Amino acid sequence: MTAPAPSDTLMEDIVGLCKRRGFIFQSSEIYGGYNGFYDYGPLGVELRNNIKQAWWRDFVQCRDDIEGLDSTIIMHPKIWKASGHVDSFSDPMVDCKESKLRYRADQLFFAPVSVDGETIGYVSVVECIDQQEVAEKAATEMKRKMAKQGELDTIELKEYTEAKPEQYELIPSPATGKSGSLTEPREFKLMFETKVGPLANDAATAYLRPETAQGIFANYKNIVDTGRVKIPFGIAQIGKAFRNEITPRNFIFRSREFEQMEIEYFISPSADWNTLHREWIDTCIDWLVSIGLPREGISEDIHPEDKLAFYSQATTDLMFQFPHGEQELWGIACRSDYDLKQHQEHSGKSMTIFDETAKEKYVPHVIEPSLGVDRTLLAVLSAAYTEDEVPNDKGKVEKRILLKFSPKIAPVKAAIFPLLKNKPELVEVAKRLHKKLQRRWNVFYDASGAIGRRYRRQDEIGTPFGITIDFDTIEKDGTVTLRDRDTCEQRRVTEDELIEFLEEQING
Ligand code: ATP
């Protein structure tokens with residue numbers, strides 16, 4: 001599989017396909033939709049479950065050093081005080097007073113427009129794949145309108161967070177194109193608040209968790225005390241997280257309700273965290289490739305030291321070439337003993353562990369690989385989306401849309417077709433095989449329409465294998481036709497060979 005070329009239409013194509021075929025819908029669509037929330041339809045929920053199951057199998061079940069957890073979404077509010085979220089989990093926000101639109105100041109870019117060194121105005125652009133081009137076009141247009149002679153200087157875009165106070169008034173709002181309406185950036189709290197219990201006073205304020213990680217730290221002591229673990233060990237959790245994102249966008253990439261797959265991997269304070277961090281980065285890349293992402297679409301963004309939180313030794317984000325550009329998919333952070341020490345201090349409970357090998361007691365340090373389920377799903381969809389041309393039943397070459405999902409995570413693993421629906425002998429064998437395979441995998445039975453059309457419908461939802469029951473099956477040797485989604489190649493196999501092949505491809 002090759003890395004998808006970033007393009008605006010790819011995202012539109014994916015969104016269209018997801019709705020048309022029942023992968024993902026805008027939440028509350030019958031009421032006009034609800035920004036930042038998405039529902040997963042029949043195929044989406046299968047794909048999502050397969051991604052989560054693959055992660056859980058590979059990181060929890062197949063490893064002896066990682067234990068699983070499922071903590072609550074709403075936890076004691078003191079947890080969020082101790083973790084620092086109540087005071088500082090926020091994004092810089094800027095308002096446009098005229099349009100009433102809001103932007104994340106670190107996703108809004110501006111640049112002075114200068115001709116031969118003389119500033120003639122400012123341009124602004126909301127973060128996008130071609131932001132430099134958009135800004136340059138706007139600058140050229142400004143120069144033309146103002147009938148300025150001379151050379152346009154290079155446009156150097158900066159985040160709005162870096163704007164000087166005297167520039168706020170001069171930078172145009174991306175909504176209106178006019179200056180004077182943007183406010184200075186201010187911190188916007190991202191945690192959703194709710195009230196717990198019958199009294200709606202301040203003491204009843206609680207939060208929907210903005211990450212699953214704190215549920216792990218809050219249960220660390222329980223898991224250590226249960227006596228199953230020794231350093232180094234990890235605790236893994238999959239679950240919903242909520243952030244009141246200022247500008248949810250790019251489909252499911254940035255939403256207000258999403259799901260995370262997080263691990264806290266506890267290590268000795270004297271361990272070589274650098275090497276362990278590198279090992280985690282490599283393990284995470286290998287896993288992404290194992291579920292079908294192209295290696296060349298994944299890159300590493302190493303956070304510079306001056307951008308790290310004071311307690312963090314290192315953070316590397318795995319970036320993926322999404323349709324809207326290269327963006328964070330998986331954050332892998334070395335967080336020292338900060339979180340456990342914060343909870344030790346705020347709860348008064350000891351977070352130390354006795355290291356049997358080193359014969360010493362300490363609060364462990366932690367490496368945190370944190371991955372979004374929805375972003376993984378979008379990455380998988382973008383990598384899988386393909387258009388090619390194949391001959392139809394009559395031999396005429398036609399455009400085809402297909403999703404090249406790895407069989408491991410494909411929502412439907414195989415489709416079973418009787419060649420003709422009005423031949424009971426064919427239908428009977430096909431239905432029997434469907435029932436048999438259904439006990440192990442999510443498979444689909446389809447008897448209606450020309451066989452080529454039926455293949456095409458499955459290609460579009462990424463079903464890797466088509467199995468056709470034809471006259472040779474019932475009259476000759478019992479073999480079935482097995483068709484490959486990507487190559488369209490067909491071969492005859494016995495039922496035993498079929499099951500062995502599927503087993504190898506899906507579970508192997
Ligand atoms: P960003 O900088 O994109 O806002 P972040 O650095 O705040 O992300 P983390 O707090 O490190 O993200 O969260 C870990 C992972 O959770 C991210 O790598 C991403 O996969 C996922 N994630 C975070 N926020 C969202 C969101 N609003 N929608 C979907 N997934 C998200």
# chains A, B, ... in the order shown; residues from 1 in each chain; ligands from 1
>>> residues_around(residues="Ser290 (chain A)", least_positions_apart="2", cutoff="12 Å", atoms="only C-alpha atoms", output="list in words")
Met1, Ile51, Ala54, Trp55, Asp58, Thr283, Cys284, Ile285, Asp286, Trp287, Leu288, Gly292, Leu293, Pro294, Arg295, Val380, Phe405, Ser406, Pro407, Lys408, Ile409, Ile506, Asn507 and Gly508 of chain A
>>> residues_around(residues="Lys436 (chain A)", least_positions_apart="5", cutoff="12 Å", atoms="only C-alpha atoms", output="number ranges by chain")
A: 416, 429-431, 441-445, 495-496, 498-499
>>> write_last_selection(atoms="C-alpha atoms", output="CSV table (one decimal), in the first residue's frame")
chain,number,residue,atom,x,y,z
A,416,ILE,CA,-20.7,-15.4,0.0
A,429,VAL,CA,-24.8,-24.5,-0.4
A,430,ALA,CA,-24.1,-20.8,-0.2
A,431,LYS,CA,-26.4,-20.3,2.8
A,441,TRP,CA,-16.2,-14.0,11.4
A,442,ASN,CA,-18.4,-11.1,10.3
A,443,VAL,CA,-19.3,-12.3,6.8
A,444,PHE,CA,-22.1,-11.2,4.4
A,445,TYR,CA,-24.5,-13.2,2.2
A,495,GLU,CA,-13.9,-25.7,1.7
A,496,ASP,CA,-11.0,-26.8,4.0
A,498,LEU,CA,-10.8,-21.8,2.1
A,499,ILE,CA,-11.1,-21.9,5.9
>>> closest_atom_pairs(of="region 283-367 of chain A", to="region 208-221 of chain A", cutoff="9 Å", atoms="only C-alpha atoms", output="Markdown table")
| residue | atom | partner | partner_atom | distance |
| --- | --- | --- | --- | --- |
| A:Asp339 | CA | A:Phe217 | CA | 7.1 |
| A:Leu340 | CA | A:Phe217 | CA | 6.4 |
| A:His343 | CA | A:Ala218 | CA | 7.5 |
| A:Lys349 | CA | A:Lys221 | CA | 8.7 |
| A:Ser350 | CA | A:Lys221 | CA | 8.2 |
| A:Met351 | CA | A:Lys221 | CA | 6.4 |
| A:Thr352 | CA | A:Lys221 | CA | 8.5 |
| A:Ile353 | CA | A:Lys221 | CA | 8.8 |
>>> closest_atom_pairs(of="chain A", to="ligand 1", cutoff="9 Å", atoms="only C-alpha atoms and all ligand atoms", output="JSON lines")
{"residue": "A:Gly36", "atom": "CA", "partner": "ligand 1", "partner_atom_place_in_ligand_line": "27 (N)", "distance": 8.3}
{"residue": "A:Asp91", "atom": "CA", "partner": "ligand 1", "partner_atom_place_in_ligand_line": "4 (O)", "distance": 8.7}
{"residue": "A:Pro210", "atom": "CA", "partner": "ligand 1", "partner_atom_place_in_ligand_line": "10 (O)", "distance": 8.1}
{"residue": "A:Glu211", "atom": "CA", "partner": "ligand 1", "partner_atom_place_in_ligand_line": "10 (O)", "distance": 7.0}
{"residue": "A:Ala241", "atom": "CA", "partner": "ligand 1", "partner_atom_place_in_ligand_line": "25 (C)", "distance": 8.2}
{"residue": "A:Phe242", "atom": "CA", "partner": "ligand 1", "partner_atom_place_in_ligand_line": "27 (N)", "distance": 7.5}
{"residue": "A:Arg243", "atom": "CA", "partner": "ligand 1", "partner_atom_place_in_ligand_line": "27 (N)", "distance": 6.1}
{"residue": "A:Asn244", "atom": "CA", "partner": "ligand 1", "partner_atom_place_in_ligand_line": "27 (N)", "distance": 8.0}
{"residue": "A:Glu245", "atom": "CA", "partner": "ligand 1", "partner_atom_place_in_ligand_line": "27 (N)", "distance": 6.1}
{"residue": "A:Pro248", "atom": "CA", "partner": "ligand 1", "partner_atom_place_in_ligand_line": "27 (N)", "distance": 6.9}
{"residue": "A:Arg249", "atom": "CA", "partner": "ligand 1", "partner_atom_place_in_ligand_line": "27 (N)", "distance": 8.8}
{"residue": "A:Ile252", "atom": "CA", "partner": "ligand 1", "partner_atom_place_in_ligand_line": "29 (C)", "distance": 6.3}
{"residue": "A:Phe253", "atom": "CA", "partner": "ligand 1", "partner_atom_place_in_ligand_line": "29 (C)", "distance": 5.0}
{"residue": "A:Arg254", "atom": "CA", "partner": "ligand 1", "partner_atom_place_in_ligand_line": "28 (N)", "distance": 3.5}
{"residue": "A:Ser255", "atom": "CA", "partner": "ligand 1", "partner_atom_place_in_ligand_line": "28 (N)", "distance": 4.1}
{"residue": "A:Arg256", "atom": "CA", "partner": "ligand 1", "partner_atom_place_in_ligand_line": "27 (N)", "distance": 5.4}
{"residue": "A:Glu257", "atom": "CA", "partner": "ligand 1", "partner_atom_place_in_ligand_line": "28 (N)", "distance": 6.8}
{"residue": "A:Phe258", "atom": "CA", "partner": "ligand 1", "partner_atom_place_in_ligand_line": "29 (C)", "distance": 5.2}
{"residue": "A:Glu259", "atom": "CA", "partner": "ligand 1", "partner_atom_place_in_ligand_line": "30 (N)", "distance": 6.8}
{"residue": "A:Gln260", "atom": "CA", "partner": "ligand 1", "partner_atom_place_in_ligand_line": "16 (O)", "distance": 5.6}
{"residue": "A:Met261", "atom": "CA", "partner": "ligand 1", "partner_atom_place_in_ligand_line": "16 (O)", "distance": 7.9}
{"residue": "A:Glu262", "atom": "CA", "partner": "ligand 1", "partner_atom_place_in_ligand_line": "14 (C)", "distance": 8.0}
{"residue": "A:Asp317", "atom": "CA", "partner": "ligand 1", "partner_atom_place_in_ligand_line": "18 (O)", "distance": 7.3}
{"residue": "A:Leu318", "atom": "CA", "partner": "ligand 1", "partner_atom_place_in_ligand_line": "18 (O)", "distance": 8.0}
{"residue": "A:Met319", "atom": "CA", "partner": "ligand 1", "partner_atom_place_in_ligand_line": "18 (O)", "distance": 8.8}
{"residue": "A:Gln327", "atom": "CA", "partner": "ligand 1", "partner_atom_place_in_ligand_line": "3 (O)", "distance": 7.2}
{"residue": "A:Glu328", "atom": "CA", "partner": "ligand 1", "partner_atom_place_in_ligand_line": "18 (O)", "distance": 5.5}
{"residue": "A:Leu329", "atom": "CA", "partner": "ligand 1", "partner_atom_place_in_ligand_line": "20 (O)", "distance": 4.4}
{"residue": "A:Trp330", "atom": "CA", "partner": "ligand 1", "partner_atom_place_in_ligand_line": "18 (O)", "distance": 4.0}
{"residue": "A:Gly331", "atom": "CA", "partner": "ligand 1", "partner_atom_place_in_ligand_line": "18 (O)", "distance": 4.7}
{"residue": "A:Ile332", "atom": "CA", "partner": "ligand 1", "partner_atom_place_in_ligand_line": "11 (O)", "distance": 7.9}
{"residue": "A:Ala333", "atom": "CA", "partner": "ligand 1", "partner_atom_place_in_ligand_line": "11 (O)", "distance": 8.4}
{"residue": "A:Pro369", "atom": "CA", "partner": "ligand 1", "partner_atom_place_in_ligand_line": "14 (C)", "distance": 8.1}
{"residue": "A:Ser370", "atom": "CA", "partner": "ligand 1", "partner_atom_place_in_ligand_line": "14 (C)", "distance": 4.7}
{"residue": "A:Leu371", "atom": "CA", "partner": "ligand 1", "partner_atom_place_in_ligand_line": "20 (O)", "distance": 4.4}
{"residue": "A:Gly372", "atom": "CA", "partner": "ligand 1", "partner_atom_place_in_ligand_line": "20 (O)", "distance": 3.3}
{"residue": "A:Val373", "atom": "CA", "partner": "ligand 1", "partner_atom_place_in_ligand_line": "20 (O)", "distance": 6.8}
{"residue": "A:Asp374", "atom": "CA", "partner": "ligand 1", "partner_atom_place_in_ligand_line": "29 (C)", "distance": 5.8}
{"residue": "A:Arg375", "atom": "CA", "partner": "ligand 1", "partner_atom_place_in_ligand_line": "20 (O)", "distance": 5.4}
{"residue": "A:Thr376", "atom": "CA", "partner": "ligand 1", "partner_atom_place_in_ligand_line": "20 (O)", "distance": 7.2}
